[in-house]
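Data from work.pdb: PDB, C-alpha atoms and all ligand atoms
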MODEL        1
ATOM      1  CA  MET A   1     113.150 100.459  84.317
ATOM      2  CA  SER A   2     113.060 101.973  87.802
ATOM      3  CA  ALA A   3     110.298 104.398  88.802
ATOM      4  CA  ALA A   4     112.864 107.211  88.923
ATOM      5  CA  GLU A   5     114.143 106.373  85.394
ATOM      6  CA  ALA A   6     110.581 106.075  84.134
ATOM      7  CA  ASN A   7     109.734 109.499  85.523
ATOM      8  CA  ARG A   8     112.731 111.029  83.780
ATOM      9  CA  GLY A   9     111.677 109.401  80.492
ATOM     10  CA  VAL A  10     114.620 107.390  79.165
ATOM     11  CA  SER A  11     113.252 106.016  75.890
ATOM     12  CA  GLY A  12     114.419 107.283  72.509
ATOM     13  CA  ASP A  13     111.058 109.003  71.743
ATOM     14  CA  ALA A  14     109.992 112.324  73.237
ATOM     15  CA  PRO A  15     109.124 111.539  76.856
ATOM     16  CA  PRO A  16     105.454 111.745  77.823
ATOM     17  CA  PRO A  17     104.498 115.152  79.246
ATOM     18  CA  LEU A  18     105.206 115.805  82.877
ATOM     19  CA  VAL A  19     102.517 117.100  85.265
ATOM     20  CA  GLY A  20     103.473 118.696  88.554
ATOM     21  CA  ILE A  21     101.276 118.878  91.622
ATOM     22  CA  THR A  22     100.302 122.471  92.377
ATOM     23  CA  HIS A  23      98.723 121.798  95.789
ATOM     24  CA  LEU A  24      97.674 118.650  97.627
ATOM     25  CA  ASP A  25      93.950 119.421  97.889
ATOM     26  CA  ASP A  26      92.555 115.870  98.037
ATOM     27  CA  LEU A  27      94.011 112.896  99.842
ATOM     28  CA  TRP A  28      92.722 109.426  98.975
ATOM     29  CA  PHE A  29      93.019 106.274 101.071
ATOM     30  CA  GLN A  30      92.900 102.798  99.485
ATOM     31  CA  ALA A  31      91.128 101.690 102.679
ATOM     32  CA  GLY A  32      89.660  98.475 101.248
ATOM     33  CA  GLY A  33      92.807  97.369  99.408
ATOM     34  CA  THR A  34      91.804  95.322  96.358
ATOM     35  CA  LEU A  35      89.326  93.118  98.195
ATOM     36  CA  CYS A  36      85.682  93.375  97.111
ATOM     37  CA  ASN A  37      82.573  91.254  97.539
ATOM     38  CA  PHE A  38      81.622  92.078  93.918
ATOM     39  CA  THR A  39      83.463  91.137  90.718
ATOM     40  CA  CYS A  40      82.396  93.866  88.287
ATOM     41  CA  LEU A  41      83.353  93.266  84.664
ATOM     42  CA  HIS A  42      84.612  96.847  84.260
ATOM     43  CA  CYS A  43      86.628  97.121  87.499
ATOM     44  CA  PHE A  44      89.804  98.949  86.493
ATOM     45  CA  ILE A  45      91.824  97.429  89.342
ATOM     46  CA  SER A  46      90.233  93.949  89.029
ATOM     47  CA  CYS A  47      88.973  93.867  92.613
ATOM     48  CA  SER A  48      87.282  90.655  93.724
ATOM     49  CA  PRO A  49      86.756  88.424  96.786
ATOM     50  CA  HIS A  50      90.149  86.860  95.962
ATOM     51  CA  ASN A  51      92.311  89.863  95.033
ATOM     52  CA  ARG A  52      94.536  90.601  98.021
ATOM     53  CA  SER A  53      97.368  92.325  96.172
ATOM     54  CA  PHE A  54      96.727  95.448  98.289
ATOM     55  CA  ARG A  55      95.653  94.853 101.892
ATOM     56  CA  PHE A  56      93.375  96.977 104.082
ATOM     57  CA  LEU A  57      94.826 100.179 105.495
ATOM     58  CA  THR A  58      94.925 100.268 109.287
ATOM     59  CA  LEU A  59      93.704 102.988 111.632
ATOM     60  CA  GLN A  60      97.300 103.456 112.776
ATOM     61  CA  GLU A  61      98.490 104.035 109.181
ATOM     62  CA  LEU A  62      95.615 106.444 108.585
ATOM     63  CA  ARG A  63      96.595 108.493 111.664
ATOM     64  CA  ARG A  64     100.162 108.872 110.420
ATOM     65  CA  TYR A  65      99.030 110.255 107.052
ATOM     66  CA  LEU A  66      96.296 112.474 108.546
ATOM     67  CA  ALA A  67      98.932 114.093 110.765
ATOM     68  CA  GLU A  68     101.222 114.625 107.775
ATOM     69  CA  SER A  69      98.335 116.055 105.720
ATOM     70  CA  VAL A  70      97.613 118.980 108.068
ATOM     71  CA  PRO A  71     100.698 121.145 107.390
ATOM     72  CA  LEU A  72     100.318 120.335 103.679
ATOM     73  CA  GLY A  73      96.867 121.971 103.697
ATOM     74  CA  VAL A  74      94.790 119.000 102.461
ATOM     75  CA  LYS A  75      91.166 120.089 102.019
ATOM     76  CA  GLU A  76      89.256 116.795 101.534
ATOM     77  CA  TYR A  77      89.685 113.085 102.203
ATOM     78  CA  TYR A  78      88.399 110.191 100.086
ATOM     79  CA  PHE A  79      88.120 106.481 100.947
ATOM     80  CA  THR A  80      88.027 103.767  98.313
ATOM     81  CA  GLY A  81      88.909 100.136  97.630
ATOM     82  CA  GLY A  82      87.906  97.402  96.802
ATOM     83  CA  GLU A  83      84.886  97.708  99.054
ATOM     84  CA  PRO A  84      86.021  99.946 101.952
ATOM     85  CA  PHE A  85      83.314  98.684 104.328
ATOM     86  CA  LEU A  86      84.934  95.218 104.301
ATOM     87  CA  ASN A  87      87.723  96.844 106.329
ATOM     88  CA  PRO A  88      86.722  96.308 109.995
ATOM     89  CA  GLU A  89      88.394  99.618 110.931
ATOM     90  CA  LEU A  90      86.622 101.749 108.345
ATOM     91  CA  VAL A  91      84.020 103.270 110.684
ATOM     92  CA  PRO A  92      86.604 104.478 113.265
ATOM     93  CA  MET A  93      88.769 105.684 110.347
ATOM     94  CA  LEU A  94      85.927 107.844 109.014
ATOM     95  CA  VAL A  95      85.081 109.135 112.488
ATOM     96  CA  GLU A  96      88.734 110.111 113.024
ATOM     97  CA  THR A  97      88.941 111.801 109.612
ATOM     98  CA  LEU A  98      85.897 113.970 110.380
ATOM     99  CA  GLY A  99      88.132 115.713 112.925
ATOM    100  CA  TYR A 100      90.383 116.829 110.042
ATOM    101  CA  GLY A 101      88.124 117.665 107.099
ATOM    102  CA  PRO A 102      85.226 116.565 104.875
ATOM    103  CA  ALA A 103      85.275 112.857 104.003
ATOM    104  CA  THR A 104      83.785 110.916 101.094
ATOM    105  CA  VAL A 105      83.543 107.141 100.940
ATOM    106  CA  LEU A 106      83.091 105.229  97.673
ATOM    107  CA  THR A 107      81.080 102.054  98.255
ATOM    108  CA  ASN A 108      78.837  99.534  96.550
ATOM    109  CA  ALA A 109      76.553  99.906  99.636
ATOM    110  CA  SER A 110      75.939  96.166  99.848
ATOM    111  CA  VAL A 111      77.438  95.421 103.270
ATOM    112  CA  LEU A 112      76.277  98.471 105.257
ATOM    113  CA  ARG A 113      74.947  97.930 108.772
ATOM    114  CA  ASP A 114      72.514 100.187 110.630
ATOM    115  CA  ALA A 115      74.801 100.405 113.689
ATOM    116  CA  TRP A 116      77.690 101.705 111.538
ATOM    117  CA  LEU A 117      75.498 104.258 109.799
ATOM    118  CA  GLN A 118      74.103 105.444 113.129
ATOM    119  CA  GLU A 119      77.641 105.934 114.473
ATOM    120  CA  LEU A 120      78.667 107.781 111.320
ATOM    121  CA  ALA A 121      75.552 109.976 111.357
ATOM    122  CA  ASP A 122      76.304 110.891 115.004
ATOM    123  CA  ALA A 123      79.956 111.631 114.165
ATOM    124  CA  GLU A 124      78.944 113.848 111.264
ATOM    125  CA  ARG A 125      76.472 115.734 113.452
ATOM    126  CA  LYS A 126      79.237 116.462 115.980
ATOM    127  CA  SER A 127      81.737 117.482 113.288
ATOM    128  CA  VAL A 128      81.982 120.770 111.428
ATOM    129  CA  TYR A 129      82.722 118.679 108.315
ATOM    130  CA  SER A 130      80.439 116.591 106.098
ATOM    131  CA  LEU A 131      80.482 112.893 105.321
ATOM    132  CA  GLU A 132      79.498 111.962 101.759
ATOM    133  CA  PHE A 133      78.652 108.544 100.361
ATOM    134  CA  ARG A 134      79.278 107.762  96.711
ATOM    135  CA  VAL A 135      77.438 104.627  95.683
ATOM    136  CA  SER A 136      78.233 102.791  92.465
ATOM    137  CA  LEU A 137      75.332 101.471  90.400
ATOM    138  CA  ASP A 138      75.635 100.785  86.683
ATOM    139  CA  GLY A 139      72.059 100.502  85.500
ATOM    140  CA  PHE A 140      68.546 101.552  86.511
ATOM    141  CA  SER A 141      67.252  97.982  86.331
ATOM    142  CA  ALA A 142      68.496  94.672  87.696
ATOM    143  CA  GLU A 143      68.937  93.499  84.129
ATOM    144  CA  SER A 144      71.280  96.305  83.019
ATOM    145  CA  ASN A 145      73.180  96.670  86.321
ATOM    146  CA  ASP A 146      73.686  92.969  87.040
ATOM    147  CA  ALA A 147      75.022  92.318  83.529
ATOM    148  CA  ILE A 148      78.074  94.379  84.574
ATOM    149  CA  ARG A 149      78.208  94.026  88.369
ATOM    150  CA  GLY A 150      77.012  90.455  88.884
ATOM    151  CA  PRO A 151      73.745  88.645  89.731
ATOM    152  CA  GLY A 152      71.799  90.094  92.661
ATOM    153  CA  THR A 153      73.978  93.201  93.002
ATOM    154  CA  PHE A 154      71.225  95.632  91.946
ATOM    155  CA  GLU A 155      68.893  94.717  94.822
ATOM    156  CA  ARG A 156      71.743  94.625  97.353
ATOM    157  CA  THR A 157      72.835  98.134  96.397
ATOM    158  CA  MET A 158      69.244  99.409  96.395
ATOM    159  CA  GLU A 159      68.822  98.076  99.950
ATOM    160  CA  GLY A 160      72.018  99.910 100.929
ATOM    161  CA  LEU A 161      70.720 103.139  99.399
ATOM    162  CA  ALA A 162      67.517 102.814 101.424
ATOM    163  CA  ARG A 163      69.579 102.335 104.610
ATOM    164  CA  LEU A 164      71.658 105.432 103.839
ATOM    165  CA  ALA A 165      68.516 107.486 103.210
ATOM    166  CA  ALA A 166      66.985 106.230 106.469
ATOM    167  CA  HIS A 167      70.030 107.572 108.353
ATOM    168  CA  GLY A 168      69.770 110.997 106.721
ATOM    169  CA  PHE A 169      72.531 110.599 104.108
ATOM    170  CA  LEU A 170      71.986 111.790 100.541
ATOM    171  CA  PRO A 171      74.237 109.498  98.488
ATOM    172  CA  LEU A 172      75.730 110.479  95.163
ATOM    173  CA  ILE A 173      75.178 107.691  92.621
ATOM    174  CA  THR A 174      78.061 107.003  90.259
ATOM    175  CA  ALA A 175      77.497 105.062  87.061
ATOM    176  CA  VAL A 176      80.113 104.031  84.539
ATOM    177  CA  ARG A 177      79.015 104.896  81.011
ATOM    178  CA  THR A 178      78.367 101.528  79.355
ATOM    179  CA  TRP A 179      75.836 103.058  76.948
ATOM    180  CA  THR A 180      76.164 105.382  73.958
ATOM    181  CA  MET A 181      75.966 109.186  74.213
ATOM    182  CA  ALA A 182      72.737 109.033  72.184
ATOM    183  CA  GLU A 183      71.202 106.795  74.861
ATOM    184  CA  GLU A 184      72.424 108.945  77.753
ATOM    185  CA  PRO A 185      69.382 111.255  78.285
ATOM    186  CA  ALA A 186      67.040 108.248  78.506
ATOM    187  CA  VAL A 187      69.423 106.401  80.832
ATOM    188  CA  LEU A 188      69.721 109.393  83.167
ATOM    189  CA  ASP A 189      65.926 109.733  83.246
ATOM    190  CA  GLY A 190      65.715 106.034  84.076
ATOM    191  CA  PHE A 191      68.105 106.503  87.026
ATOM    192  CA  ARG A 192      66.211 109.527  88.351
ATOM    193  CA  CYS A 193      62.819 107.736  88.182
ATOM    194  CA  LEU A 194      64.235 104.646  89.873
ATOM    195  CA  LEU A 195      65.824 106.607  92.719
ATOM    196  CA  ARG A 196      62.709 108.706  93.364
ATOM    197  CA  ARG A 197      60.580 105.536  93.357
ATOM    198  CA  ARG A 198      62.920 104.061  95.971
ATOM    199  CA  GLY A 199      62.612 107.052  98.317
ATOM    200  CA  ILE A 200      65.675 109.142  97.307
ATOM    201  CA  ALA A 201      63.892 112.474  97.047
ATOM    202  CA  ARG A 202      66.756 114.432  95.449
ATOM    203  CA  PRO A 203      68.753 112.016  93.257
ATOM    204  CA  ARG A 204      72.348 113.036  92.535
ATOM    205  CA  LEU A 205      74.177 111.316  89.675
ATOM    206  CA  LYS A 206      77.735 111.320  88.385
ATOM    207  CA  VAL A 207      78.511 109.513  85.120
ATOM    208  CA  LEU A 208      82.064 108.257  84.738
ATOM    209  CA  PRO A 209      83.930 107.146  81.624
ATOM    210  CA  THR A 210      85.229 103.582  81.438
ATOM    211  CA  LEU A 211      88.917 103.202  82.284
ATOM    212  CA  ARG A 212      90.281 100.463  80.027
ATOM    213  CA  LEU A 213      92.488  98.833  82.645
ATOM    214  CA  GLY A 214      92.186  95.723  84.811
ATOM    215  CA  ALA A 215      89.061  93.650  84.200
ATOM    216  CA  GLU A 216      87.772  96.186  81.659
ATOM    217  CA  VAL A 217      90.514  95.112  79.229
ATOM    218  CA  GLN A 218      88.746  91.746  78.828
ATOM    219  CA  ARG A 219      85.373  93.427  78.285
ATOM    220  CA  THR A 220      86.187  96.085  75.707
ATOM    221  CA  GLY A 221      89.914  95.875  74.992
ATOM    222  CA  GLY A 222      92.638  98.122  76.401
ATOM    223  CA  TYR A 223      94.120 101.323  75.009
ATOM    224  CA  ALA A 224      95.572 101.459  71.509
ATOM    225  CA  ALA A 225      99.259 102.401  71.334
ATOM    226  CA  ASP A 226      98.413 105.855  69.976
ATOM    227  CA  GLU A 227      95.941 106.641  72.773
ATOM    228  CA  ARG A 228      98.556 108.509  74.777
ATOM    229  CA  VAL A 229      98.769 112.064  76.072
ATOM    230  CA  THR A 230     100.928 114.476  74.105
ATOM    231  CA  ALA A 231     102.306 117.857  75.128
ATOM    232  CA  GLU A 232     100.059 119.516  72.504
ATOM    233  CA  MET A 233      96.988 117.833  74.000
ATOM    234  CA  LEU A 234      97.849 119.122  77.470
ATOM    235  CA  GLU A 235      98.395 122.601  76.144
ATOM    236  CA  LEU A 236      94.940 122.541  74.576
ATOM    237  CA  LEU A 237      92.997 120.833  77.360
ATOM    238  CA  GLY A 238      94.915 121.979  80.459
ATOM    239  CA  THR A 239      95.935 120.041  83.554
ATOM    240  CA  SER A 240      93.905 121.545  86.404
ATOM    241  CA  HIS A 241      91.185 118.867  86.058
ATOM    242  CA  LEU A 242      93.639 115.963  86.442
ATOM    243  CA  PRO A 243      93.524 114.175  89.821
ATOM    244  CA  CYS A 244      97.350 113.877  89.812
ATOM    245  CA  GLU A 245      97.597 117.688  89.683
ATOM    246  CA  HIS A 246      96.005 118.097  93.125
ATOM    247  CA  SER A 247      95.737 114.688  94.833
ATOM    248  CA  ARG A 248      97.598 111.533  95.890
ATOM    249  CA  ILE A 249      96.486 108.137  97.222
ATOM    250  CA  VAL A 250      97.802 106.284 100.269
ATOM    251  CA  THR A 251      97.941 102.470 100.069
ATOM    252  CA  ASP A 252      99.477  99.834 102.322
ATOM    253  CA  ARG A 253     102.565  99.922 100.053
ATOM    254  CA  GLY A 254     103.056 103.687 100.125
ATOM    255  CA  VAL A 255     101.776 106.745  98.279
ATOM    256  CA  TYR A 256     100.768 106.475  94.599
ATOM    257  CA  VAL A 257     100.179 109.204  92.072
ATOM    258  CA  CYS A 258      96.400 108.669  91.735
ATOM    259  CA  PRO A 259      93.597 106.164  92.496
ATOM    260  CA  ILE A 260      93.526 104.968  88.869
ATOM    261  CA  LEU A 261      97.092 103.711  88.513
ATOM    262  CA  ILE A 262      97.842 101.734  91.675
ATOM    263  CA  ALA A 263      98.551  98.604  89.599
ATOM    264  CA  ALA A 264     101.325 100.442  87.704
ATOM    265  CA  ALA A 265     104.686 100.049  89.443
ATOM    266  CA  ASP A 266     105.977 103.417  88.216
ATOM    267  CA  SER A 267     103.166 105.290  89.969
ATOM    268  CA  LEU A 268     104.406 104.442  93.483
ATOM    269  CA  LEU A 269     106.072 107.728  94.439
ATOM    270  CA  GLY A 270     107.207 107.337  98.040
ATOM    271  CA  ASP A 271     106.456 106.317 101.579
ATOM    272  CA  THR A 272     105.421 109.746 102.833
ATOM    273  CA  LEU A 273     103.196 112.441 101.321
ATOM    274  CA  ALA A 274     106.185 114.775 101.123
ATOM    275  CA  GLU A 275     108.125 112.236  99.025
ATOM    276  CA  ALA A 276     105.150 111.799  96.705
ATOM    277  CA  LEU A 277     104.751 115.488  95.815
ATOM    278  CA  VAL A 278     106.848 115.124  92.674
ATOM    279  CA  PRO A 279     105.905 115.606  89.000
ATOM    280  CA  TYR A 280     104.656 112.560  87.080
ATOM    281  CA  ARG A 281     104.845 111.642  83.393
ATOM    282  CA  LEU A 282     101.466 110.846  81.804
ATOM    283  CA  ARG A 283     102.581 107.691  79.989
ATOM    284  CA  HIS A 284      99.537 105.444  80.527
ATOM    285  CA  GLY A 285      96.485 104.940  78.351
ATOM    286  CA  ALA A 286      94.277 105.840  81.343
ATOM    287  CA  CYS A 287      95.923 109.294  81.359
ATOM    288  CA  TYR A 288      94.408 109.761  77.887
ATOM    289  CA  THR A 289      90.909 109.202  79.341
ATOM    290  CA  CYS A 290      91.665 111.536  82.255
ATOM    291  CA  VAL A 291      92.858 114.359  80.067
ATOM    292  CA  HIS A 292      89.680 114.119  77.968
ATOM    293  CA  SER A 293      87.308 113.883  80.978
ATOM    294  CA  HIS A 294      86.390 116.524  83.480
ATOM    295  CA  ASN A 295      85.944 115.992  87.188
ATOM    296  CA  LEU A 296      86.784 112.274  87.096
ATOM    297  CA  CYS A 297      87.539 111.719  90.774
ATOM    298  CA  ALA A 298      86.332 114.686  92.852
ATOM    299  CA  ASN A 299      82.776 115.263  94.030
ATOM    300  CA  PRO A 300      80.703 117.425  91.702
ATOM    301  CA  SER A 301      80.178 120.911  93.038
ATOM    302  CA  ALA A 302      76.811 121.778  94.574
ATOM    303  CA  GLY A 303      73.981 122.260  92.150
ATOM    304  CA  ARG A 304      75.574 120.316  89.313
TER
HETATM  305  S1  LIG A 401      83.993  98.336  90.576
HETATM  306 FE1  LIG A 401      83.839  98.691  92.791
HETATM  307  S2  LIG A 401      82.229  97.264  93.464
HETATM  308 FE2  LIG A 401      82.918  96.563  91.456
HETATM  309  S3  LIG A 401      84.539  95.032  91.864
HETATM  310 FE3  LIG A 401      85.547  97.030  91.578
HETATM  311  S4  LIG A 401      85.729  97.858  93.638
HETATM  312 FE4  LIG A 401      84.211  96.225  93.732
HETATM  313  S1  LIG A 402      95.588 108.392  85.233
HETATM  314 FE1  LIG A 402      94.884 110.521  85.361
HETATM  315  S2  LIG A 402      95.290 111.154  87.453
HETATM  316 FE2  LIG A 402      96.491 109.304  87.069
HETATM  317  S3  LIG A 402      98.505 110.039  86.401
HETATM  318 FE3  LIG A 402      97.286 109.715  84.550
HETATM  319  S4  LIG A 402      96.328 111.716  84.142
HETATM  320 FE4  LIG A 402      97.069 111.762  86.229
ENDMDL
END
Rendering of file as structure tokens:
Amino acid sequence: MSAAEANRGVSGDAPPPLVGITHLDDLWFQAGGTLCNFTCLHCFISCSPHNRSFRFLTLQELRRYLAESVPLGVKEYYFTGGEPFLNPELVPMLVETLGYGPATVLTNASVLRDAWLQELADAERKSVYSLEFRVSLDGFSAESNDAIRGPGTFERTMEGLARLAAHGFLPLITAVRTWTMAEEPAVLDGFRCLLRRRGIARPRLKVLPTLRLGAEVQRTGGYAADERVTAEMLELLGTSHLPCEHSRIVTDRGVYVCPILIAAADSLLGDTLAEALVPYRLRHGACYTCVHSHNLCANPSAGR
């Protein structure tokens, strides 16, 4: 089935509900492709040191999309991967983006260098826009984090957090919920104590649901056939919180509907941003998680 046929919904059943994009507020860049120095067991796009299915974006590609984003009124830019800092052009890419709007980079913080952070801190100081770091950490001890993210990853990320703090950045920690809701208050307390102990005076945390795609399918199983979005569900829960309702992601292959579905062929929408501003049918299991979660991809608002 072609992407166009899939978007029209050609099966015998009622087609999955369609979500249009009201405004392109957030533009994501798959800057690190699918290459990562970690091999996390829950990685929903199975990034690893060997996964080169998406390559790094280049500074030249970034410039083309930044220019296209201006008349479309994009408000914020996000950089992800893989590990974006493996891309040798990431620092100039972030510096360039700070001339257009606020930028956020999602990183495991394990390969950061002082010279890069100094350059980024200087660029942020000269810009009217902010640069945010979102650092992934999945436990408040080496034991709990490394069970998911791999041996030694806890200490490497903690060193990165200390470097960020030393350069004046206040990273937002993201943790994928691999614990029960009953355990959550104790886990969040554990994170806050750890971060304060390690010199992060005002810890900021964002807990994310697991997305049962990629490597996570081996860990916990994928989505059941009936875990799909229905029109009734959308009517009840709304669409304004869905990343596909106000964002798109640029990869080396073109523009996809959202950062979650880049491995799904039907979510490649076009080569330009303009081509990609089309409605999309929520046919994937991950859409079910999105619809039931709030604020999955964007930064939390101040004070939350
Ligand atoms: S979850 Fe993040 S750090 Fe872990 S393998 Fe995937 S991209 Fe790398
Ligand atoms: S995974 Fe989420 S953001 Fe992506 S298309 Fe489905 S609902 Fe939209």
Which chains and residue numbers are within 8 Å of ligand LIG 402 (chain A), counting only C-alpha atoms and all ligand atoms, if I want them as a list in words?
Val19, Leu242, Pro243, Cys244, Glu245, Val257, Cys258, Pro259, Ile260, Leu261, Ser267, Tyr280, Arg281, Leu282, Arg283, His284, Gly285, Ala286, Cys287, Tyr288, Thr289, Cys290 and Val291 of chain A
Please determine the residues with any atom at most 6 Å from (83.4, 104.1, 102.6) (coordinates as given in the file, with all atoms listed in the file counting) and report them as a compact mmCIF listing (two decimals) with C-alpha atoms, keeping the file's coordinate frame.
# COMPACT_ATOMS: atom_id res chain seq x y z
CA PHE A 79 88.12 106.48 100.95
CA PRO A 84 86.02 99.95 101.95
CA PHE A 85 83.31 98.68 104.33
CA VAL A 105 83.54 107.14 100.94
CA LEU A 106 83.09 105.23 97.67
CA THR A 107 81.08 102.05 98.26
With a distance cut-off of 12 Å and only C-alpha atoms, select the neighbouring residues of segment 211-224 of chain A, excluding the residue or stretch itself and same-chain residues fewer than 4 positions from it, and output the selection as a ChimeraX atom specification.
/A:34,39-48,51,147-149,176-178,228-229,259-264,283-290,292-293,296
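Going from atom CA of Leu90 of chain A to atom CA of Glu61 of chain A covers 12.1 Å.
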List the residues matched by the PyMOL selection byres (((chain A and resi 68) around 12) and not hetatm) in the displayed structure as a list of chain:residue names, ordered by chain and then by residue number.
A:Leu24, A:Leu27, A:Glu61, A:Leu62, A:Arg63, A:Arg64, A:Tyr65, A:Leu66, A:Ala67, A:Ser69, A:Val70, A:Pro71, A:Leu72, A:Gly73, A:Val74, A:Tyr100, A:Val250, A:Asp271, A:Thr272, A:Leu273, A:Ala274, A:Glu275
Find the smallest box with edges along x, y and z containing every listed atom of ligand LIG 401 (chain A), then add 4 Å on each side and report centre and edge lengths in Å to one decimal, as lines of an AutoDock Vina configuration file.
center_x = 84.0
center_y = 96.9
center_z = 92.2
size_x = 11.5
size_y = 11.7
size_z = 11.2
Mind listing as number ranges by chain all residues within 12 Å of (71.5, 108.1, 83.2), counting all atoms listed in the file?
A: 137-141, 144-145, 173-195, 203-208
Measuring atom to atom with all atoms listed in the file, identify which of A:Glu89, A:Asp122, A:Asp266, A:Glu83 is nearest to ligand LIG 401 (chain A).
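Under the stated criterion, the closest residue is A:Glu83.
If you look at atom CA of Thr22 of chain A and atom CA of Gly238 of chain A, they are 13.1 Å away from each other.
Each of A:Glu159, A:Asn87, A:Ser53, A:Ala276 was compared to Asp114 of chain A using only C-alpha atoms, and A:Glu159 turns out to be the nearest.
Once Val91 of chain A and its same-chain neighbours fewer than 4 positions away are set aside, Phe85, Val95, Trp116, Glu119 and Leu120 of chain A remain within 8 Å of it when counting all atoms listed in the file.
Atom pair atom CA of Leu94 of chain A / atom CA of Leu131 of chain A has a distance of 8.3 Å (rounded to one decimal).
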Matched chain/residue IDs from the PyMOL selection byres (((chain A and resi 252) around 8) and not hetatm), as a ChimeraX atom specification
/A:30,33,54-57,250-251,253-254
I need the residue nearest ligand LIG 401 (chain A) from this list: A:Asp26, A:Gly150, A:Glu96, A:Leu59. Use all atoms listed in the file for the distance.
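Nearest to ligand LIG 401 (chain A): A:Gly150.
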Counting all atoms listed in the file, the option among A:Gln60, A:Thr239, A:Ser130, A:Ser136 closest to Ala103 of chain A:
A:Ser130
Give me the residues within 7 Å of Pro279 of chain A as JSON, numbers by chain, counting only C-alpha atoms and dropping any in the same chain fewer than 6 places off.
{"A": [18, 19, 20, 21]}
Only C-alpha atoms, please: the residues just picked out, written as a CSV table (one decimal), in the coordinates of the input.
chain,number,residue,atom,x,y,z
A,18,LEU,CA,105.2,115.8,82.9
A,19,VAL,CA,102.5,117.1,85.3
A,20,GLY,CA,103.5,118.7,88.6
A,21,ILE,CA,101.3,118.9,91.6
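Proximity to ligand LIG 401 (chain A) was assessed for A:Ala14, A:Ala31, A:Ala123, A:Leu161 counting all atoms listed in the file; the smallest distance is recorded for A:Ala31.
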Among listed residues A:Cys297, A:Phe154, A:Pro209, A:Ala166, nearest Thr80 of chain A (using only C-alpha atoms)
A:Cys297
Keeping C-alpha atoms, write segment 233-277 of chain A of the structure just shown out as a compact mmCIF listing (two decimals), in the first residue's frame.
# COMPACT_ATOMS: atom_id res chain seq x y z
CA MET A 233 -11.62 8.19 21.62
CA LEU A 234 -10.46 11.31 19.80
CA GLU A 235 -13.77 13.01 20.40
CA LEU A 236 -13.43 12.33 24.12
CA LEU A 237 -9.73 13.08 24.57
CA GLY A 238 -9.14 15.73 21.90
CA THR A 239 -6.24 16.17 19.49
CA SER A 240 -4.50 19.38 20.58
CA HIS A 241 -1.97 17.45 22.71
CA LEU A 242 -0.83 15.24 19.81
CA PRO A 243 2.61 16.10 18.37
CA CYS A 244 1.30 15.44 14.82
CA GLU A 245 -1.30 18.20 15.32
CA HIS A 246 1.35 20.92 15.59
CA SER A 247 4.76 19.49 14.61
CA ARG A 248 6.75 17.60 11.97
CA ILE A 249 10.23 16.04 11.89
CA VAL A 250 12.92 16.47 9.25
CA THR A 251 15.16 13.46 8.52
CA ASP A 252 17.74 12.77 5.83
CA ARG A 253 14.96 11.01 3.85
CA GLY A 254 12.43 13.83 4.04
CA VAL A 255 9.75 15.08 6.43
CA TYR A 256 7.86 12.60 8.64
CA VAL A 257 4.67 13.08 10.58
CA CYS A 258 6.26 12.88 14.07
CA PRO A 259 9.45 11.81 15.91
CA ILE A 260 7.81 8.56 17.08
CA LEU A 261 6.99 6.98 13.73
CA ILE A 262 10.06 7.47 11.54
CA ALA A 263 10.39 3.68 11.09
CA ALA A 264 6.87 3.52 9.57
CA ALA A 265 6.98 3.98 5.80
CA ASP A 266 3.52 5.57 5.66
CA SER A 267 4.59 8.43 7.93
CA LEU A 268 6.99 9.93 5.36
CA LEU A 269 4.90 12.84 4.07
CA GLY A 270 7.11 14.76 1.65
CA ASP A 271 10.41 16.37 0.87
CA THR A 272 9.47 19.88 1.97
CA LEU A 273 7.62 21.18 5.03
CA ALA A 274 4.84 22.47 2.79
CA GLU A 275 4.30 18.98 1.33
CA ALA A 276 4.18 17.48 4.81
CA LEU A 277 1.40 19.72 6.16
